[in-house]
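Enquirer: Structure below; questions to follow.
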Amino acid sequence: MRNLETKYNPKDVEDRIYKSWVDGKYFHAEPNPDKKPFTIVIPPPNVTGQLHMGHAFDETLQDILIRYKRMQGFEALWVPGTDHAGIATQIKVEAELREKEGLTRYDLGREKFLERVWDWKEKYGNRIISQLKKIGCSCDWDRERFTMDEGCSKAVREVFVNLYNKGLIYRGPRIINWCPNCITALSNEEVEHAEQAGHFWHIKYQIKDTDEYVVIATTRPETLFGDTAVAVNPEDERYKNIVGKMLLLPLTDREIPVITDEYVDKEFGTGCVKITPAHDPNDFEVGKRHDLEIIKVMNDDATMNSYAGKYEGMDRYECRKAMIKDLEEMGLLVKTEEHSHNVGQCYRCGTTIEPIVSDQWFVQMKPLAEAAIEAVNSKETEFVPERFSKTYMNWMENVYDWCISRQLWWGHRIPAFYCDDCGEMTVSKEDITVCPKCGKPVRQEEDVLDTWFSSALWPFSTLGWPEETEDYKYFYPTSTLVTGYDIIFFWVSRMIFSACEHTGKAPFKHVFIHGLVRDGNGEKMSKSKGNGIDPLQIIDMFGADALRFTLVTGVAPGNDMRFPVTYDPPVEKGKNPNPEVNKIVGAPGVEASRNFANKIWNASRFVLMNLDDSASDVLPKNLMAEDKWILSKFNDLVKKITDNLDKFELGVAVQNLYDFIWDEFCDWYIELVKPRMGTENNPQNVLVYVLSNVLKLLHPFMPFITEEIYSYLPVTDKKALIITPWCEYKEELNFKQDVENIEMIKSAIKAIRNIRSEMNVPPSKKAKLIIVTQKADVFKNGEAFFKKLAWADSVEVTSSKDGIEENCISLVTDGAEIFMPQGDLIDKEKEIARLTQEKVKLEGEILRVEKKLSNEGFVAKAPKAVIDAEREKGEKYKEMLDKVLEGLKNLQ
RNA sequence: GGGAGCAUAGCUCAGCUGGGAGAGCGUCUGCCUUACAAGCAGGAUGUCAUAGGUUCGAUCCCUAUUGUUCCCACCA
């Protein structure tokens, strides 16, 4: 115990401590009428691969909150689990299949392919769980869930059928976003927009039975084959005469009419718009208004179909190139302009989205949004920081229907059954094999649901809903949801409206939103850029506590953070590393945290090696001033940490802890108390008290090292730190006067150190101190401190300056004037310069204060406390200035 | 087009309902002072983006401007 190494080694500790928590079943929660519940459901990581730094951040925040609440006496439940992540996982498994076996999913068939995906899920799901454990997550592993497990699937069907029966789910042809690579429909949220350089082609459409043309401008000429009209603005004088005429659609033998529609902007392009209802959302609307034919010109993989005539079979871009060439040769291409525009891309594979008409399933959103808006307006759910509620509202108030069907195999298959015989469609919670209408066999819908459909139910599906289980009744609604601002639309919004609709309650009280973890250049981490940092590697290098501490240090809620690392060989700033070549060798932020962990470790070693058998955490009756000082400071700390945690200000809380432990406890209290070690006035119990309690406050942030150290301490209530009650503010440990006194001594010591350093006096050179003060008792008490911390060999405390020898350095500090006879060491010129500088500074301060105090407005309107403080300051400065002036006089 | 964030020390960032700005890293000086060199002591560095306004008083609140990042929408 007393032979602990001088370097804290996380590897000796973390796995062992984690196991002890699991063995103690401390993570497990059960409905408990004697306690209040505190519930968090984890944002389930995708089973696509492994955790990245963003997860580590997200989960650290949750673990901090859950550990804090657990210690505060809540029945704290953190539900873990993973997400099946429809498209993302299917893509991964398909890629693996292609690489390793040269097969496609169609080669295997649906059933066999799904077996492969389940194998994948097993492997990577488990890997993710083990990574969560490495980070220190105190999830209730008895309740681990998966979005496609039995319970969640049941909830999905319940919700689907409910919504369908209420008429809030419908099926029909609409323009949707189609990913030709994933071969599925996507919701609007799953499309990312990126600026792309493109062209604006001006093409002539001949007016039938004339030699005249109209010119239309398009960025997507290949959709021409689906044109069923050309539209102009009804107010456009230029085209009034051709409205109603027929046009010859180039490269085809079709004729299309010229129609008028308000949608057309006269000013933009040529004022003529080709209308392609099957391939453009706006055109689709125009088409509906004018009852136009809908002609789809592409196959599911974005190759051209038979409507494209001789271009059939070509890829859409190949076709574009070829037809432009042909149009040019035919003299129908008027001009080509450079044109950059936003193009939709699949959020999973990056392929350019094709807007396409397709039969899909939709959730009607408007009616569902109402309750979700109200939940946030009424503060049933609150966003932290508050500004994100605007993001949410903005989306919620402008929702459009949600396309929920996906042409994938991996996911919840839509519970709709078709009878090919009578045409009946049945939506049912239970699987059916025969048509309830005609008794003929039915076939189930091939499509699966959007992966977000099931994650939208996560806060209640994981707690037993639709059953009214004890868990559901006790733990739901949950307390806090922690997640990144990037999935407010995908997930948070959908959880809120789903919960409001199906459970009648908002799913959580607080939504604690955090930012993204970026690389050292401020860029998003990504595999393709090679700038991703594996949290497990960082843990391996520095320990989980150091990583966790780093992730919450210096970050304000909702803000992004940078995670700089150094590579070997080094990578130029602004450049991306090549993971094959550049290895991570350092991480400045984490090193600082690791050093902090080490500091605590060594402070604890110091305490432990100085304890005798009688040591405990019971505070003695005869507390010394410095004991009262640290106890008061600790008391303040308890309040600060608790307040800040309650406000989700984790970054501030962690800074408070750092300052208290390093500065106040280590640099001052332990140093102040060293002279008392081993004497009959041994401070050991105060040391144990403060250390053991500060470990409690630090535990949520650095669970491993705190638990380890705590186990060595002779505390009265000996149990695992993780379940030890949180500290409370104690009025009886507030010693205002002693705090003032010790602060006075501290500033005197600092002033002496400062001067000695300026005068280049080495610590080995001891000095005599004469302290002239009206507070003799205070400074007398500090005698030992001056000897130890200000390198004095003798300390004389007096109330008068009589008899002080002339050749002294004098310094003025709060409550005292200190003289240091320095013999020949004193450099008179230097000392005069120093005092003169001091004089100028004080005069400046006095001027400032006097100016302020002579300002009538200030005296009349400022709060009394502020004015008094200012007066006090002024007096103190004047007093100090007098002494400085006197010192100068003596020197000259 | 709509919305949001950011601009503070060389770098990365804090700054808690307005009362003369802080940390870490880096840097400079001196130290193995009986827990810690992953340490100790001391120092230097800021027109708190710009211009107005409110106020006795503004880094903080309001307005505008500039720069920057992001989200949403989008005229073919």
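In the structure tokens, each chain is lettered A, B, ... as it comes, each chain's residues begin at 1, and ligands are numbered from 1 in order of appearance.
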What residues in chain A lie within 6 Å of chain B, counting only C-alpha atoms (C1' of nucleotides), written as a ChimeraX atom specification?
Expert: /A:218,273,554,595,602-603,605-606,754,757,857-858
Enquirer: For the selection just defined, write its residues with all heavy atoms to a file, as a PDB file, in the first residue's frame.
Expert:
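The resulting file, result.pdb, is reproduced below:
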```pdb
ATOM      1  N   THR A 218     -31.465  23.672 -68.978  1.00  0.00           N
ATOM      2  CA  THR A 218     -31.533  22.578 -67.998  1.00  0.00           C
ATOM      3  C   THR A 218     -30.150  22.187 -67.509  1.00  0.00           C
ATOM      4  O   THR A 218     -29.157  22.350 -68.216  1.00  0.00           O
ATOM      5  CB  THR A 218     -32.234  21.345 -68.589  1.00  0.00           C
ATOM      6  OG1 THR A 218     -32.287  20.320 -67.600  1.00  0.00           O
ATOM      7  CG2 THR A 218     -31.485  20.816 -69.812  1.00  0.00           C
ATOM      8  N   VAL A 273     -39.512  26.275 -68.936  1.00  0.00           N
ATOM      9  CA  VAL A 273     -39.032  25.157 -68.131  1.00  0.00           C
ATOM     10  C   VAL A 273     -39.567  23.848 -68.682  1.00  0.00           C
ATOM     11  O   VAL A 273     -40.768  23.700 -68.898  1.00  0.00           O
ATOM     12  CB  VAL A 273     -39.494  25.299 -66.666  1.00  0.00           C
ATOM     13  CG1 VAL A 273     -38.867  24.206 -65.806  1.00  0.00           C
ATOM     14  CG2 VAL A 273     -39.144  26.669 -66.117  1.00  0.00           C
ATOM     15  N   GLY A 554     -12.497  22.322 -20.880  1.00  0.00           N
ATOM     16  CA  GLY A 554     -12.448  23.467 -21.784  1.00  0.00           C
ATOM     17  C   GLY A 554     -13.481  23.433 -22.886  1.00  0.00           C
ATOM     18  O   GLY A 554     -13.276  24.008 -23.944  1.00  0.00           O
ATOM     19  N   ASN A 595      -1.219  13.952 -16.702  1.00  0.00           N
ATOM     20  CA  ASN A 595      -0.395  14.561 -15.660  1.00  0.00           C
ATOM     21  C   ASN A 595      -1.226  14.893 -14.426  1.00  0.00           C
ATOM     22  O   ASN A 595      -0.750  14.757 -13.295  1.00  0.00           O
ATOM     23  CB  ASN A 595       0.264  15.840 -16.180  1.00  0.00           C
ATOM     24  CG  ASN A 595       1.275  15.550 -17.278  1.00  0.00           C
ATOM     25  OD1 ASN A 595       1.563  14.386 -17.569  1.00  0.00           O
ATOM     26  ND2 ASN A 595       1.791  16.593 -17.889  1.00  0.00           N
ATOM     27  N   ASN A 602       0.088  11.028  -6.827  1.00  0.00           N
ATOM     28  CA  ASN A 602       1.220  11.314  -5.944  1.00  0.00           C
ATOM     29  C   ASN A 602       0.808  12.033  -4.669  1.00  0.00           C
ATOM     30  O   ASN A 602       1.378  11.779  -3.609  1.00  0.00           O
ATOM     31  CB  ASN A 602       2.276  12.111  -6.705  1.00  0.00           C
ATOM     32  CG  ASN A 602       3.136  11.196  -7.553  1.00  0.00           C
ATOM     33  OD1 ASN A 602       3.824  10.330  -7.022  1.00  0.00           O
ATOM     34  ND2 ASN A 602       3.046  11.343  -8.863  1.00  0.00           N
ATOM     35  N   ALA A 603      -0.177  12.902  -4.792  1.00  0.00           N
ATOM     36  CA  ALA A 603      -0.691  13.546  -3.581  1.00  0.00           C
ATOM     37  C   ALA A 603      -1.239  12.478  -2.644  1.00  0.00           C
ATOM     38  O   ALA A 603      -1.032  12.510  -1.431  1.00  0.00           O
ATOM     39  CB  ALA A 603      -1.771  14.554  -3.943  1.00  0.00           C
ATOM     40  N   ARG A 605      -0.359   9.323  -2.571  1.00  0.00           N
ATOM     41  CA  ARG A 605       0.783   8.585  -2.030  1.00  0.00           C
ATOM     42  C   ARG A 605       1.331   9.318  -0.824  1.00  0.00           C
ATOM     43  O   ARG A 605       1.627   8.728   0.205  1.00  0.00           O
ATOM     44  CB  ARG A 605       1.902   8.473  -3.080  1.00  0.00           C
ATOM     45  CG  ARG A 605       1.686   7.406  -4.105  1.00  0.00           C
ATOM     46  CD  ARG A 605       2.838   7.403  -5.095  1.00  0.00           C
ATOM     47  NE  ARG A 605       4.111   7.200  -4.424  1.00  0.00           N
ATOM     48  CZ  ARG A 605       5.181   7.957  -4.549  1.00  0.00           C
ATOM     49  NH1 ARG A 605       5.154   9.010  -5.346  1.00  0.00           N
ATOM     50  NH2 ARG A 605       6.279   7.683  -3.894  1.00  0.00           N
ATOM     51  N   PHE A 606       1.467  10.605  -0.974  1.00  0.00           N
ATOM     52  CA  PHE A 606       1.993  11.398   0.124  1.00  0.00           C
ATOM     53  C   PHE A 606       1.118  11.248   1.368  1.00  0.00           C
ATOM     54  O   PHE A 606       1.610  11.008   2.469  1.00  0.00           O
ATOM     55  CB  PHE A 606       2.082  12.870  -0.270  1.00  0.00           C
ATOM     56  CG  PHE A 606       2.490  13.758   0.857  1.00  0.00           C
ATOM     57  CD1 PHE A 606       3.823  13.846   1.238  1.00  0.00           C
ATOM     58  CD2 PHE A 606       1.547  14.476   1.576  1.00  0.00           C
ATOM     59  CE1 PHE A 606       4.201  14.641   2.308  1.00  0.00           C
ATOM     60  CE2 PHE A 606       1.920  15.265   2.641  1.00  0.00           C
ATOM     61  CZ  PHE A 606       3.243  15.350   3.016  1.00  0.00           C
ATOM     62  N   ASN A 754       8.250  36.180  -4.939  1.00  0.00           N
ATOM     63  CA  ASN A 754       8.364  37.035  -6.111  1.00  0.00           C
ATOM     64  C   ASN A 754       9.643  37.875  -6.056  1.00  0.00           C
ATOM     65  O   ASN A 754      10.443  37.892  -6.991  1.00  0.00           O
ATOM     66  CB  ASN A 754       7.118  37.919  -6.143  1.00  0.00           C
ATOM     67  CG  ASN A 754       7.076  38.783  -7.382  1.00  0.00           C
ATOM     68  OD1 ASN A 754       8.120  39.121  -7.932  1.00  0.00           O
ATOM     69  ND2 ASN A 754       5.890  39.140  -7.813  1.00  0.00           N
ATOM     70  N   SER A 757      12.841  35.887  -6.229  1.00  0.00           N
ATOM     71  CA  SER A 757      13.081  35.444  -7.594  1.00  0.00           C
ATOM     72  C   SER A 757      13.617  36.591  -8.446  1.00  0.00           C
ATOM     73  O   SER A 757      14.562  36.418  -9.212  1.00  0.00           O
ATOM     74  CB  SER A 757      11.770  34.906  -8.169  1.00  0.00           C
ATOM     75  OG  SER A 757      11.963  34.499  -9.487  1.00  0.00           O
ATOM     76  N   GLY A 857     -22.663  59.559 -10.810  1.00  0.00           N
ATOM     77  CA  GLY A 857     -23.542  58.508 -11.299  1.00  0.00           C
ATOM     78  C   GLY A 857     -23.224  57.175 -10.661  1.00  0.00           C
ATOM     79  O   GLY A 857     -24.116  56.436 -10.241  1.00  0.00           O
ATOM     80  N   PHE A 858     -21.933  56.902 -10.535  1.00  0.00           N
ATOM     81  CA  PHE A 858     -21.515  55.632  -9.951  1.00  0.00           C
ATOM     82  C   PHE A 858     -21.958  55.546  -8.498  1.00  0.00           C
ATOM     83  O   PHE A 858     -22.585  54.576  -8.083  1.00  0.00           O
ATOM     84  CB  PHE A 858     -19.999  55.485 -10.053  1.00  0.00           C
ATOM     85  CG  PHE A 858     -19.457  54.249  -9.391  1.00  0.00           C
ATOM     86  CD1 PHE A 858     -19.641  53.007  -9.971  1.00  0.00           C
ATOM     87  CD2 PHE A 858     -18.789  54.329  -8.177  1.00  0.00           C
ATOM     88  CE1 PHE A 858     -19.150  51.871  -9.354  1.00  0.00           C
ATOM     89  CE2 PHE A 858     -18.303  53.195  -7.555  1.00  0.00           C
ATOM     90  CZ  PHE A 858     -18.483  51.964  -8.152  1.00  0.00           C
TER      91      PHE A 858
END
```
Enquirer: For A:Thr553, list every protein, DNA or RNA residue within 12 Å, evaluated using only C-alpha atoms (C1' of nucleotides), and leave out those in the same chain fewer than 6 positions away; present the list as number ranges by chain.
Expert: A: 57, 60-61, 546-547, 559, 561-563, 589-590, 592-593, 596, 649-658, 701; B: 12-14, 23-24
Enquirer: Of the candidates A:Gly574, A:Gly54, A:Pro459, A:Gly515, which shows the shortest atom-to-atom distance to A:Ile42, using only C-alpha atoms?
Expert: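 Checking each of A:Gly574, A:Gly54, A:Pro459, A:Gly515 against A:Ile42, counting only C-alpha atoms, the winner is A:Pro459.
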Enquirer: Tell me, as a ChimeraX atom specification, which residues lie within 10 Å of A:Asn622, counting only C-alpha atoms (C1' of nucleotides); anything in the same chain fewer than 5 positions away does not count.
Expert: /A:627-628,681
Enquirer: With N, CA and C atoms kept, could you save the residues just selected as a PDB file, in the first residue's frame?
Expert:
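Written out: selection_30.pdb:
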```
ATOM      1  N   ASP A 627      -6.306  24.217   8.253  1.00  0.00           N
ATOM      2  CA  ASP A 627      -7.313  23.153   8.117  1.00  0.00           C
ATOM      3  C   ASP A 627      -8.667  23.767   7.789  1.00  0.00           C
ATOM      4  N   LYS A 628      -8.978  24.805   8.550  1.00  0.00           N
ATOM      5  CA  LYS A 628     -10.266  25.456   8.332  1.00  0.00           C
ATOM      6  C   LYS A 628     -10.319  26.089   6.939  1.00  0.00           C
ATOM      7  N   ASN A 681       0.176  17.269  16.563  1.00  0.00           N
ATOM      8  CA  ASN A 681      -0.884  18.011  15.900  1.00  0.00           C
ATOM      9  C   ASN A 681      -1.017  17.552  14.447  1.00  0.00           C
TER      10      ASN A 681
END
```
Enquirer: As a count of residues only, please: every residue in stretch 163-297 of chain A that DSSP puts in strand (DSSP E or B).
Expert: 54
Enquirer: Can you tell me, as a PyMOL selection string, what residues are no more than 10 Å from stretch 411-420 of chain A when counting only C-alpha atoms (C1' of nucleotides), ignoring any on the same chain fewer than 2 positions away?
Expert: chain A and resi 84-87+89-90+114+147-148+152-154+156-158+160-161+361+404-409+422-451+453-454
Enquirer: Please identify all polymer residues within 10 Å of A:Arg871, counting only C-alpha atoms (C1' of nucleotides), omitting same-chain residues fewer than 5 positions from it, and present them as a PyMOL selection string.
Expert: chain A and resi 849-850+852-853+865-866+876-877
Enquirer: Kindly give the distance, in Å, that separates atom CA of A:Phe268 and atom CA of A:Ile207, rounded to a single decimal.
Expert: 21.3 Å
Enquirer: Check the DSSP output for the backbone and give back, as a PyMOL selection string, the residues of stretch 786-823 of chain A in alpha helix (DSSP H).
Expert: chain A and resi 786-789
Enquirer: With C-alpha atoms kept, could you save the residues just selected as a short mmCIF file (atom, residue, chain, number, x, y, z; two decimals), in the first residue's frame?
Expert:
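Written output follows (again35.cif):
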```cif
data_model
loop_
_atom_site.label_atom_id
_atom_site.label_comp_id
_atom_site.auth_asym_id
_atom_site.auth_seq_id
_atom_site.Cartn_x
_atom_site.Cartn_y
_atom_site.Cartn_z
CA PHE A 786 7.25 31.49 6.05
CA LYS A 787 10.14 29.29 6.99
CA LYS A 788 9.04 26.44 4.78
CA LEU A 789 7.50 28.21 1.83
#
```
Enquirer: Would you work out the distance separating atom CA of A:Leu811 from atom CA of A:Ile661, expressed in Å to one decimal?
Expert: 29.8 Å
Enquirer: Go ahead and compute the interatomic distance for atom CA of A:Val297 and atom CA of A:Cys182, in Å to one decimal.
Expert: 18.7 Å
